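Novice: The structure follows.
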Amino acid sequence: MSVTAPPPAPRAARAVVRPGDRIFAGIARAASLTIMLALAGVFVFLAIEGLPGLSAPENIYAPAEDFWSYVGPLVFGTILAAVVALVLAVPFSIGVALFISHYAPPRIAAPVAYVIDLLAAVPSVVFGLWGGLALASSIRPVTDWLYANLDFIPFFAGPPSVTGRSMLTAGIVLAIMVVPIVTALSREVFAQTPRLHEEAAMALGATRWETIRLAVFPYARSGVISAVMLGLGRALGETMAVAMVLSAAPVVTLNLISDTNPATIAQNIASNYKEATPDKQAVLIATGLVLFAVTFAVNFAARWVIARSERKVSR
Amino acid sequence: MNHPTTTTTTLVEPDAFAITADLTQARLPRWAVLLVGVIALGVAGLVTLLTGWSPTGGLVLAVVLMVAGFPLWSMVVEGRRAAADRLATSLVWGAFVVVLVPLVWLIWMVVSHGVSAIDAEFLTYDMRNVVGAGGGIFHALWGTILVTLAATLISVPVGLFTAIYLVEYGRGKRLARVTTFLVDVMTGIPSIVAGLFALALFVLIFGPAIRVGFGGAVALSLLMIPTVVRSAEEMLRLVPGDLREASYALGIPKWRTIVKVVLPTALGGIITGVVLAISRVIGETAPLLVVAGATDSVNFNLFEGRMMTLPVYIFSQYSSPGVVPVGTEGDPPGYARAWGAALVLIVIVMVLNLVARLIGTYFAPKTERRR
């Protein structure tokens, strides 16, 4: 996609190698080795500090008995929160992305795109503050209604939390944080649809919606999937927004609106590190390692999806 | 779309009107949208008044009526395909409006609560010995500035030189491919894992109770480096090869070409990228909470003692807001401070973003740029 020619290949006729050149190239190479070392360091140090956490004294894991039964509900909670967030966020993100790329008049589209980008920069702790102090207290009518009318669905089995600090609230906050990311990426992909494809569809008499279905979506599918995966990665690793909104317990439940909710890994670390003894700290670090593994797998899957499709999505 | 109303030449035969009239379908007039909107609002308002719903419920009903009603009318007049198109349009506009609601609500809450919390005392006092109302963010402000500065000092050289390596030296080499992959992996590190890494590193060196501001800087730079590498790499690739070749032709060594020709050309974009990266990490909470800890006093020393930062300040004011004085109503005093600090933090982030855009516009290289 780059408009310029690639830099010239350095294999010019046997040039003199000056010391300055050698030093500079050395520094550049060292910098990229630093990145490699840093990433290896993340694995190594987390492993050194976290491995004792796999076999800590049993009372550390209370009420669970060993590490895996301790981390299981946390993994479940992490995935549940992220899935709720994505189910809420993805339709809206795609809608807003289409709005910017195809529906809005250009005079509105550019500012809207800019504002969405800005919102991606709002710190998560601010989302958490808003979720905890504003959204949680206003969501009662919604959860009450869900409980009254839809309580045969396990998600809304209730009884609804009085404080509103439920998995549903956390999922909504996460969704609002994920929307700008998925929107920004999908918008770029939608905008890259070849103009001729769209015009061909239009010329055949397709309506705007049919054009989008026939020309835009097939072209953008892999790009949107990878955008969603990246959003999922963010939702999985988000700490503060969940920690400030969710009242958590070590349970496994699909109930989204009650006041006992499964914790997420990141939230569990943030709320317990303070009183942590060295043993407990090791356990928390080990759960962090599990979180890293999960997000790594998700991101890896996203890259795989991108790489597999022939049409590479430029970022 | 319009019929040719006046024709100066006689290319259009008089009965062409009849033909076009046969070809065009019946279409809803342009004001149909407005009409449906007004009707939906009216019906919803009536229902709200009659059944005593909350205004929010009425608004939701109005939106549902609008989104469902307009395509239905279109179905009757225009047919199935046009109706599907109308439905998609309503849904897309609906999605946009629905997304706006929480975002506007969030900004409004932060601004309205934050403005009333901010005064001279709030910006110049720390929280030492503050019980109840009063106190401020002075210590957190300085902590944020110092930690972010340290993180920038670590990540800009590493990130910039990595980008230089990738663009200028690493073409086609295995190290470059591996580095690109690792930068991708780094982008996906959850912030709390970065914090745990810094914690594990410092605990291993200094013992289990260590909490220092510099640890926070290490964690933040882990999150910042990939962003810097990405943006700097993109900018360096935009520098035209002609410039490099012209410099080589004058006998300039490669490293001086990079320093004197390539970097100045890309400088605007690189600075923009760095400022955007700063604005992204300045709001990180979790890693700082874990390694830098929290404190009520001012601490200017990055290498000793706990250090408060704005995001952690917001979190701790939220999670332990103090008690409402006996005999009075209202929120605990910590909430007001949290809103105030949130407003300050958002303003900092927005200003940084704005500065980045301005730099990007004014110092843009005079070559053709992407987008």
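Starting from 1 in every chain, residues are counted up; chains themselves are A, B, ... following the order of the structure tokens, and ligands are numbered from 1 as listed.
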Would you kindly return, as a PyMOL selection string, each protein, DNA or RNA residue with an atom no farther than 12 Å from any atom of Ile60 (chain A), considering only C-alpha atoms and excluding same-chain residues fewer than 6 positions away?

Specialist: chain A and resi 52-54+66-67+70+272+276-284

Novice: Next, dump the selected residues to file, keeping only C-alpha atoms, as a compact mmCIF listing (two decimals), in the first residue's frame.

Specialist:
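Output contents, as saved in selection.txt:
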```
# COMPACT_ATOMS: atom_id res chain seq x y z
CA PRO A 52 5.60 -21.70 42.82
CA GLY A 53 2.00 -20.52 42.58
CA LEU A 54 1.01 -23.79 40.90
CA ASP A 66 -5.61 -26.55 43.90
CA PHE A 67 -4.46 -24.13 41.27
CA TYR A 70 -8.83 -21.88 41.47
CA ASN A 272 -6.18 -9.12 45.55
CA ALA A 276 -1.13 -10.69 48.94
CA THR A 277 1.41 -12.71 50.85
CA PRO A 278 4.38 -13.89 48.74
CA ASP A 279 2.59 -17.23 48.26
CA LYS A 280 -0.60 -15.57 47.11
CA GLN A 281 1.40 -13.21 44.93
CA ALA A 282 2.92 -16.20 43.16
CA VAL A 283 -0.56 -17.61 42.57
CA LEU A 284 -1.73 -14.29 41.14
```

Novice: Give me the region 17-85 of chain A side of the contact with region 227-235 of chain A, cut-off 9 Å, one line per residue showing its nearest atom pair and distance in Å at one decimal, counting only C-alpha atoms, sorted by chain and residue number, as CSV.

Specialist:
```
residue,atom,partner,partner_atom,distance
A:Thr78,CA,A:Ala235,CA,8.5
A:Ile79,CA,A:Ala235,CA,8.9
A:Ala81,CA,A:Ala235,CA,7.7
A:Ala82,CA,A:Ala235,CA,5.1
A:Val83,CA,A:Leu232,CA,7.7
A:Ala85,CA,A:Ala235,CA,7.3
```

Novice: So which residues touch region 45-51 of chain A within 6 Å, counting only C-alpha atoms, skipping near sequence neighbours fewer than 3 positions away, as a list in words?

Specialist: Gly41, Val42, Leu54, Ala282, Ile285 and Ala286 of chain A; Phe197 and Ala200 of chain B

Novice: For each of A:Val224, A:Val71, A:Ala97, A:Val87, take the minimum atom-to-atom distance to chain B, counting only C-alpha atoms, then give the residue where this is smallest.

Specialist: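 Distance minimum relative to chain B lands on A:Ala97.
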
Novice: With a distance cut-off of 7 Å and only C-alpha atoms, select the neighbouring residues of Val242 (chain A), excluding the residue or stretch itself and same-chain residues fewer than 4 positions from it, and output the selection as a list in words.

Specialist: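 Residues near the query, excluding close chain neighbours: Gly128, Ala170, Leu246 and Gln267 of chain A.
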
Novice: I need the residues from that last selection saved to file as a tab-separated table (two decimals), in the first residue's frame (with C-alpha atoms), if you can.

Specialist:
```tsv
chain	number	residue	atom	x	y	z
A	128	GLY	CA	-14.83	2.05	35.14
A	170	ALA	CA	-19.45	-5.12	33.28
A	246	LEU	CA	-18.22	-6.18	39.10
A	267	GLN	CA	-9.82	-8.21	37.97
```

Novice: Please list as an mmCIF file with N, CA and C atoms, in the first residue's frame every residue within 10 Å of Val64 (chain B), counting only C-alpha atoms and excluding residues in the same chain fewer than 6 positions away.

Specialist:
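As written to disk, out-v7.cif reads:
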```cif
data_model
loop_
_atom_site.group_PDB
_atom_site.id
_atom_site.type_symbol
_atom_site.label_atom_id
_atom_site.label_comp_id
_atom_site.auth_asym_id
_atom_site.auth_seq_id
_atom_site.Cartn_x
_atom_site.Cartn_y
_atom_site.Cartn_z
ATOM 1 N N ALA B 40 -43.962 8.254 15.272
ATOM 2 C CA ALA B 40 -43.411 7.333 16.276
ATOM 3 C C ALA B 40 -43.272 8.047 17.614
ATOM 4 N N ALA B 44 -45.357 7.056 20.932
ATOM 5 C CA ALA B 44 -44.606 6.669 22.127
ATOM 6 C C ALA B 44 -44.928 7.613 23.274
ATOM 7 N N GLY B 58 -40.135 5.415 26.958
ATOM 8 C CA GLY B 58 -40.854 6.009 25.847
ATOM 9 C C GLY B 58 -39.957 6.234 24.647
ATOM 10 N N GLY B 94 -29.659 3.801 13.495
ATOM 11 C CA GLY B 94 -30.002 3.458 14.874
ATOM 12 C C GLY B 94 -28.773 3.079 15.666
#
```

Novice: From the list B:Thr48, B:Thr162, B:Ser54, B:Asn299, which residue is nearest chain A when using only C-alpha atoms?

Specialist: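 Result for the nearest residue to chain A: B:Thr162.
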
Novice: Among region 214-295 of chain A, which ones does DSSP assign to alpha helix (DSSP H) (computed from the backbone)? Answer as number ranges by chain.

Specialist: A: 217-237, 240-245, 265-272, 278-295

Novice: Do you know which residues are at most 9 Å from Ile225 (chain B) counting only C-alpha atoms, after dropping those on the same chain fewer than 2 positions away, and could you put them as a PyMOL selection string?

Specialist: (chain A and resi 35) or (chain B and resi 152+154-156+158-160+183+186-187+220-223+227-230+277)

Novice: Save the residues we just selected, C-alpha atoms, as a tab-separated table (two decimals), in the first residue's frame?

Specialist:
```tsv
chain	number	residue	atom	x	y	z
A	35	ILE	CA	12.53	-6.27	22.12
B	152	THR	CA	8.96	7.62	27.10
B	154	ILE	CA	12.96	4.09	27.64
B	155	SER	CA	10.65	3.31	24.77
B	156	VAL	CA	11.44	6.03	22.25
B	158	VAL	CA	14.33	1.37	21.64
B	159	GLY	CA	11.28	1.80	19.44
B	160	LEU	CA	12.89	4.26	17.06
B	183	VAL	CA	6.07	-6.52	18.04
B	186	MET	CA	3.67	-7.29	22.27
B	187	THR	CA	0.73	-5.26	21.02
B	220	LEU	CA	4.40	1.20	30.60
B	221	SER	CA	7.32	1.11	28.19
B	222	LEU	CA	6.52	-2.53	27.48
B	223	LEU	CA	3.09	-1.32	26.35
B	227	THR	CA	3.06	1.49	19.26
B	228	VAL	CA	6.22	3.53	18.75
B	229	VAL	CA	7.78	0.86	16.51
B	230	ARG	CA	4.63	0.56	14.40
B	277	ALA	CA	1.61	6.42	22.25
```

Novice: Which residue is closest to chain A? Choose from B:Pro333, B:Gly268, B:Gly57, B:Gly42 and count only C-alpha atoms.

Specialist: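 With only C-alpha atoms as the atom set, the closest residue is B:Gly57.
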
Novice: As a list of chain:residue names, please: the residues near Ile252 (chain B) (cut-off 12 Å, only C-alpha atoms, same-chain neighbours under 4 positions excluded).

Specialist: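 These residues fall inside the cut-off: A:Ala15, A:Val16, A:Val17, A:Arg18, A:Gly20, A:Asp21, B:Leu243, B:Arg244, B:Glu245, B:Ala246, B:Ser247, B:Tyr248, B:Arg256, B:Thr257, B:Ile258, B:Val259, B:Lys260, B:Val261.
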
Novice: Could you tell me how far CA of Leu182 (chain B) lies from CA of Thr265 (chain B), in Å and to one decimal?

Specialist: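 Calculated distance between CA of Leu182 (chain B) and CA of Thr265 (chain B) is 27.1 Å.
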
Novice: For the atom pair CA of Asp259 (chain A) and CA of Phe127 (chain A), what is the interatomic distance in Å to one decimal place?

Specialist: 20.4 Å

Novice: Can you work out the spacing between CA of Val298 (chain B) and CA of Asp126 (chain B) in Å, to one decimal?

Specialist: 6.7 Å

Novice: Of the residues B:Val274, B:Val349, B:Ala217, B:Leu236, which is the one nearest to Gly143 (chain B), using only C-alpha atoms?

Specialist: B:Ala217

Novice: Apply DSSP to the backbone of this structure and, from region 176-314 of chain A, keep only the residues in strand (DSSP E or B); write these as number ranges by chain.

Specialist: A: 248-249, 261-262

Novice: Write out the residues from the selection above, keeping C-alpha atoms, as a tab-separated table (two decimals), in the first residue's frame.

Specialist:
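result35.tsv, written as the output of this step:
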```tsv
chain	number	residue	atom	x	y	z
A	248	ALA	CA	-17.25	-10.99	42.18
A	249	ALA	CA	-17.30	-14.39	43.84
A	261	ASN	CA	-20.73	-13.13	39.47
A	262	PRO	CA	-17.61	-15.00	38.42
```

Novice: Tell me which of B:Thr56, B:Asn353, B:Asn129, B:Thr361 sits closest to Arg280 (chain B), counting only C-alpha atoms.

Specialist: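 Checking each candidate against Arg280 (chain B), we get B:Asn353 as the closest.
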